[in-house]
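Quick notes on the structure that follows.
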Amino acid sequence: MPNKIAAHVAEGKQYFPLASGAQDGWHKDGRATATCYCGAIQLSFPVEGPGFVGTFVCHCPDCHKFTASMFASNFTVLDEHLVHERGQDNFTIYKQKQTIVSGMNMSNYFCKTCGSLMYRIAEDYPGVSLLRIGTVDDFTLMETKLRPQLEQFTENRVSWVHEIEGARKAGRMGFEGASAKAKQAKV
Ligand SMILES: [Zn+2]
Ligand SMILES: [Zn+2]
């Protein structure tokens with residue numbers, strides 16, 4: 001069975017499969033959209049620097065729980081490059097620090113209609129939003145610009161999820177590099 005994402009990448013085409021209540025995602029001029037499950041919230045973000053910081057997968061216990069899955073797939077964007085195309089009044093925010101390794105607050109921004117987690121903001125990484133690779137509308141980006149560069153907390157990776165080829169590995173926290181880059185870019 002040919003892979004549809006790979007086929008679109010090979011042909012240099014974009015790929016917007018039916019995945020959301022809205023079908024108006026786009027990818028142009030170095031920016032692309034991320035949309036929640038119901039379509040009420042749409043973000044746009046840069047797919048390259050300087051506003052685009054990096055990508056990582058996290059297998060930590062916190063990420064298992066809040067994604068209701070085995071890992072979180074993230075990409076980080078400087079706040080001043082993140083645009084709320086619509087739905088900025090449709091978030092519900094849940095903040096806690098009990099399960100966060102840094103011991104500092106993590107704010108989670110969910111769509112209050114459909115529950116999609118659109119991004120997280122960490123108190124110890126000011127100026128950066130952590131968006132979700134799975135909410136991006138052009139699926140070819142998941143194989144190209146948003147392919148994970150770092151895989152962290154591999155100490156909690158389940159045996160049936162295989163390691164990501166080519167990604168830097170960290171048994172625990174590995175995100176500092178991305179943060180330092182973000183802080184540098186802000187100066
Ligand atoms: Zn929604
Ligand atoms: Zn995590």
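Going by the structure tokens order, chains are called A, B, ..., each with residues numbered from 1, while ligands are numbered from 1 in the order shown.
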For Ala122 (chain A), list every protein, DNA or RNA residue within 8 Å, evaluated using only C-alpha atoms, and leave out those in the same chain fewer than 5 positions away; present the list as a PyMOL selection string. chain A and resi 104-107+128-129
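Inspection of the environment of ligand 1, which uses only C-alpha atoms and all ligand atoms and a cut-off of 9 Å, identifies the neighbouring residues as Ser20, Gly21, Thr35, Cys36, Tyr37, Cys38, Gly39, Ala40, Ile41, Gln42, Gly87, Asn90, Phe91, Phe110, Cys111, Lys112, Thr113, Cys114, Gly115, Ser116 and Leu117 of chain A.
Here CA of Ala19 (chain A) is placed at a distance of 23.1 Å from CA of Cys58 (chain A).
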Counting only C-alpha atoms and all ligand atoms, what are the residues of chain A within 12 Å of ligand 2, and for each of them which pair of atoms is the nearest and at what distance in Å, to one decimal? Sort the table by chain and rising number, as JSON lines.
```
{"residue": "A:Phe56", "atom": "CA", "partner": "ligand 2", "partner_atom_place_in_ligand_line": "1 (Zn)", "distance": 9.6}
{"residue": "A:Val57", "atom": "CA", "partner": "ligand 2", "partner_atom_place_in_ligand_line": "1 (Zn)", "distance": 7.8}
{"residue": "A:Cys58", "atom": "CA", "partner": "ligand 2", "partner_atom_place_in_ligand_line": "1 (Zn)", "distance": 4.4}
{"residue": "A:His59", "atom": "CA", "partner": "ligand 2", "partner_atom_place_in_ligand_line": "1 (Zn)", "distance": 5.4}
{"residue": "A:Cys60", "atom": "CA", "partner": "ligand 2", "partner_atom_place_in_ligand_line": "1 (Zn)", "distance": 4.1}
{"residue": "A:Pro61", "atom": "CA", "partner": "ligand 2", "partner_atom_place_in_ligand_line": "1 (Zn)", "distance": 6.5}
{"residue": "A:Asp62", "atom": "CA", "partner": "ligand 2", "partner_atom_place_in_ligand_line": "1 (Zn)", "distance": 5.4}
{"residue": "A:Cys63", "atom": "CA", "partner": "ligand 2", "partner_atom_place_in_ligand_line": "1 (Zn)", "distance": 4.2}
{"residue": "A:His64", "atom": "CA", "partner": "ligand 2", "partner_atom_place_in_ligand_line": "1 (Zn)", "distance": 7.4}
{"residue": "A:Lys65", "atom": "CA", "partner": "ligand 2", "partner_atom_place_in_ligand_line": "1 (Zn)", "distance": 9.3}
{"residue": "A:Phe66", "atom": "CA", "partner": "ligand 2", "partner_atom_place_in_ligand_line": "1 (Zn)", "distance": 9.1}
{"residue": "A:Thr67", "atom": "CA", "partner": "ligand 2", "partner_atom_place_in_ligand_line": "1 (Zn)", "distance": 9.6}
{"residue": "A:Ser69", "atom": "CA", "partner": "ligand 2", "partner_atom_place_in_ligand_line": "1 (Zn)", "distance": 11.4}
{"residue": "A:Met70", "atom": "CA", "partner": "ligand 2", "partner_atom_place_in_ligand_line": "1 (Zn)", "distance": 10.0}
{"residue": "A:Phe71", "atom": "CA", "partner": "ligand 2", "partner_atom_place_in_ligand_line": "1 (Zn)", "distance": 7.2}
{"residue": "A:Ala72", "atom": "CA", "partner": "ligand 2", "partner_atom_place_in_ligand_line": "1 (Zn)", "distance": 6.4}
{"residue": "A:Ser73", "atom": "CA", "partner": "ligand 2", "partner_atom_place_in_ligand_line": "1 (Zn)", "distance": 9.0}
{"residue": "A:Asn74", "atom": "CA", "partner": "ligand 2", "partner_atom_place_in_ligand_line": "1 (Zn)", "distance": 9.4}
{"residue": "A:Thr99", "atom": "CA", "partner": "ligand 2", "partner_atom_place_in_ligand_line": "1 (Zn)", "distance": 9.5}
{"residue": "A:Ile100", "atom": "CA", "partner": "ligand 2", "partner_atom_place_in_ligand_line": "1 (Zn)", "distance": 8.2}
{"residue": "A:Val101", "atom": "CA", "partner": "ligand 2", "partner_atom_place_in_ligand_line": "1 (Zn)", "distance": 8.7}
{"residue": "A:Ser102", "atom": "CA", "partner": "ligand 2", "partner_atom_place_in_ligand_line": "1 (Zn)", "distance": 11.2}
{"residue": "A:Met106", "atom": "CA", "partner": "ligand 2", "partner_atom_place_in_ligand_line": "1 (Zn)", "distance": 11.0}
{"residue": "A:Arg120", "atom": "CA", "partner": "ligand 2", "partner_atom_place_in_ligand_line": "1 (Zn)", "distance": 11.1}
{"residue": "A:Ala122", "atom": "CA", "partner": "ligand 2", "partner_atom_place_in_ligand_line": "1 (Zn)", "distance": 11.6}
{"residue": "A:Leu130", "atom": "CA", "partner": "ligand 2", "partner_atom_place_in_ligand_line": "1 (Zn)", "distance": 11.1}
{"residue": "A:Leu150", "atom": "CA", "partner": "ligand 2", "partner_atom_place_in_ligand_line": "1 (Zn)", "distance": 12.0}
{"residue": "A:Glu151", "atom": "CA", "partner": "ligand 2", "partner_atom_place_in_ligand_line": "1 (Zn)", "distance": 9.9}
{"residue": "A:Gln152", "atom": "CA", "partner": "ligand 2", "partner_atom_place_in_ligand_line": "1 (Zn)", "distance": 7.6}
{"residue": "A:Phe153", "atom": "CA", "partner": "ligand 2", "partner_atom_place_in_ligand_line": "1 (Zn)", "distance": 7.1}
{"residue": "A:Thr154", "atom": "CA", "partner": "ligand 2", "partner_atom_place_in_ligand_line": "1 (Zn)", "distance": 10.0}
{"residue": "A:Glu155", "atom": "CA", "partner": "ligand 2", "partner_atom_place_in_ligand_line": "1 (Zn)", "distance": 11.3}
{"residue": "A:Asn156", "atom": "CA", "partner": "ligand 2", "partner_atom_place_in_ligand_line": "1 (Zn)", "distance": 9.6}
{"residue": "A:Arg157", "atom": "CA", "partner": "ligand 2", "partner_atom_place_in_ligand_line": "1 (Zn)", "distance": 10.8}
{"residue": "A:Ala170", "atom": "CA", "partner": "ligand 2", "partner_atom_place_in_ligand_line": "1 (Zn)", "distance": 11.7}
{"residue": "A:Gly171", "atom": "CA", "partner": "ligand 2", "partner_atom_place_in_ligand_line": "1 (Zn)", "distance": 11.5}
{"residue": "A:Arg172", "atom": "CA", "partner": "ligand 2", "partner_atom_place_in_ligand_line": "1 (Zn)", "distance": 9.2}
{"residue": "A:Met173", "atom": "CA", "partner": "ligand 2", "partner_atom_place_in_ligand_line": "1 (Zn)", "distance": 8.5}
{"residue": "A:Gly174", "atom": "CA", "partner": "ligand 2", "partner_atom_place_in_ligand_line": "1 (Zn)", "distance": 10.3}
{"residue": "A:Phe175", "atom": "CA", "partner": "ligand 2", "partner_atom_place_in_ligand_line": "1 (Zn)", "distance": 9.9}
```
Would you save the residues from that selection as a compact mmCIF listing (two decimals), in the first residue's frame, using N, CA and C atoms?
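Written file, out-v2.txt:
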```txt
# COMPACT_ATOMS: atom_id res chain seq x y z
N PHE A 56 10.36 18.38 18.36
CA PHE A 56 10.77 17.26 19.21
C PHE A 56 9.59 16.40 19.61
N VAL A 57 9.91 15.13 19.84
CA VAL A 57 8.94 14.17 20.37
C VAL A 57 9.32 13.94 21.83
N CYS A 58 8.30 13.84 22.70
CA CYS A 58 8.56 13.63 24.12
C CYS A 58 7.76 12.43 24.63
N HIS A 59 8.48 11.53 25.29
CA HIS A 59 7.86 10.30 25.82
C HIS A 59 7.66 10.37 27.33
N CYS A 60 7.74 11.55 27.92
CA CYS A 60 7.67 11.64 29.39
C CYS A 60 6.28 11.24 29.89
N PRO A 61 6.16 10.87 31.16
CA PRO A 61 4.86 10.45 31.70
C PRO A 61 3.77 11.51 31.53
N ASP A 62 4.12 12.76 31.70
CA ASP A 62 3.17 13.86 31.51
C ASP A 62 2.61 13.85 30.08
N CYS A 63 3.49 13.62 29.09
CA CYS A 63 3.05 13.63 27.69
C CYS A 63 2.16 12.42 27.37
N HIS A 64 2.42 11.27 27.99
CA HIS A 64 1.52 10.13 27.83
C HIS A 64 0.11 10.54 28.24
N LYS A 65 0.03 11.15 29.41
CA LYS A 65 -1.28 11.43 30.00
C LYS A 65 -2.05 12.50 29.26
N PHE A 66 -1.40 13.64 29.00
CA PHE A 66 -2.20 14.73 28.42
C PHE A 66 -2.52 14.51 26.96
N THR A 67 -1.74 13.67 26.25
CA THR A 67 -2.09 13.37 24.85
C THR A 67 -3.02 12.17 24.77
N SER A 69 -2.05 9.33 24.70
CA SER A 69 -1.35 8.51 23.72
C SER A 69 0.02 8.15 24.29
N MET A 70 0.98 7.78 23.44
CA MET A 70 2.26 7.29 23.94
C MET A 70 3.36 8.33 23.94
N PHE A 71 3.15 9.43 23.24
CA PHE A 71 4.16 10.50 23.21
C PHE A 71 3.51 11.76 22.66
N ALA A 72 4.18 12.88 22.87
CA ALA A 72 3.74 14.15 22.29
C ALA A 72 4.69 14.50 21.15
N SER A 73 4.13 15.03 20.07
CA SER A 73 4.97 15.49 18.96
C SER A 73 4.79 17.00 18.86
N ASN A 74 5.88 17.70 19.11
CA ASN A 74 5.83 19.15 19.31
C ASN A 74 6.70 19.91 18.31
N THR A 99 3.27 17.69 37.49
CA THR A 99 3.89 16.63 36.68
C THR A 99 4.99 17.17 35.77
N ILE A 100 5.32 18.45 35.90
CA ILE A 100 6.30 19.06 35.01
C ILE A 100 7.69 18.96 35.66
N VAL A 101 8.64 18.44 34.88
CA VAL A 101 9.98 18.15 35.40
C VAL A 101 10.63 19.40 36.02
N SER A 102 10.43 20.54 35.40
CA SER A 102 11.06 21.77 35.88
C SER A 102 10.46 22.23 37.21
N MET A 106 3.01 24.78 33.59
CA MET A 106 2.79 24.56 32.17
C MET A 106 1.32 24.89 31.92
N ARG A 120 1.09 24.53 24.27
CA ARG A 120 1.42 24.66 25.69
C ARG A 120 2.39 25.82 25.81
N ALA A 122 5.27 27.06 28.59
CA ALA A 122 6.00 26.68 29.80
C ALA A 122 6.53 27.94 30.47
N LEU A 130 4.65 25.95 22.42
CA LEU A 130 4.88 24.57 21.97
C LEU A 130 3.63 24.09 21.25
N LEU A 150 14.56 15.91 17.63
CA LEU A 150 14.96 15.44 18.96
C LEU A 150 13.88 14.51 19.50
N GLU A 151 14.33 13.46 20.15
CA GLU A 151 13.41 12.54 20.83
C GLU A 151 13.86 12.51 22.29
N GLN A 152 13.00 12.94 23.21
CA GLN A 152 13.43 13.03 24.61
C GLN A 152 12.59 12.16 25.53
N PHE A 153 13.12 11.95 26.72
CA PHE A 153 12.52 11.03 27.70
C PHE A 153 12.32 9.64 27.10
N THR A 154 13.35 9.20 26.35
CA THR A 154 13.28 7.85 25.77
C THR A 154 13.23 6.79 26.88
N GLU A 155 13.57 7.17 28.13
CA GLU A 155 13.47 6.22 29.25
C GLU A 155 12.02 5.77 29.48
N ASN A 156 11.06 6.50 28.93
CA ASN A 156 9.65 6.13 29.06
C ASN A 156 9.00 5.81 27.72
N ARG A 157 9.80 5.44 26.72
CA ARG A 157 9.24 5.06 25.41
C ARG A 157 8.76 3.61 25.49
N ALA A 170 17.58 11.80 23.82
CA ALA A 170 17.89 12.17 25.20
C ALA A 170 17.05 11.27 26.10
N GLY A 171 17.72 10.64 27.07
CA GLY A 171 17.01 9.76 27.98
C GLY A 171 16.00 10.49 28.82
N ARG A 172 16.37 11.73 29.17
CA ARG A 172 15.44 12.59 29.90
C ARG A 172 15.29 13.89 29.12
N MET A 173 15.38 15.04 29.80
CA MET A 173 15.17 16.32 29.13
C MET A 173 16.23 16.58 28.06
N GLY A 174 15.82 17.01 26.89
CA GLY A 174 16.79 17.34 25.85
C GLY A 174 16.47 18.68 25.21
N PHE A 175 15.44 19.32 25.70
CA PHE A 175 14.85 20.51 25.07
C PHE A 175 15.63 21.79 25.31
```
Among chain A, which ones does DSSP place in strand (DSSP E), written as a PyMOL selection string? chain A and resi 27-28+31-35+42-46+52-58+72-78+83-86+91-96+106-111+117-122+128-132+150-152+168-170
Using DSSP assignments from the backbone, pull out every residue in chain A that falls under helix (DSSP H, G or I) and give it to me as a PyMOL selection string. chain A and resi 4-10+61-67+79-81+88-90+133-135+139-143+154-156+176-186
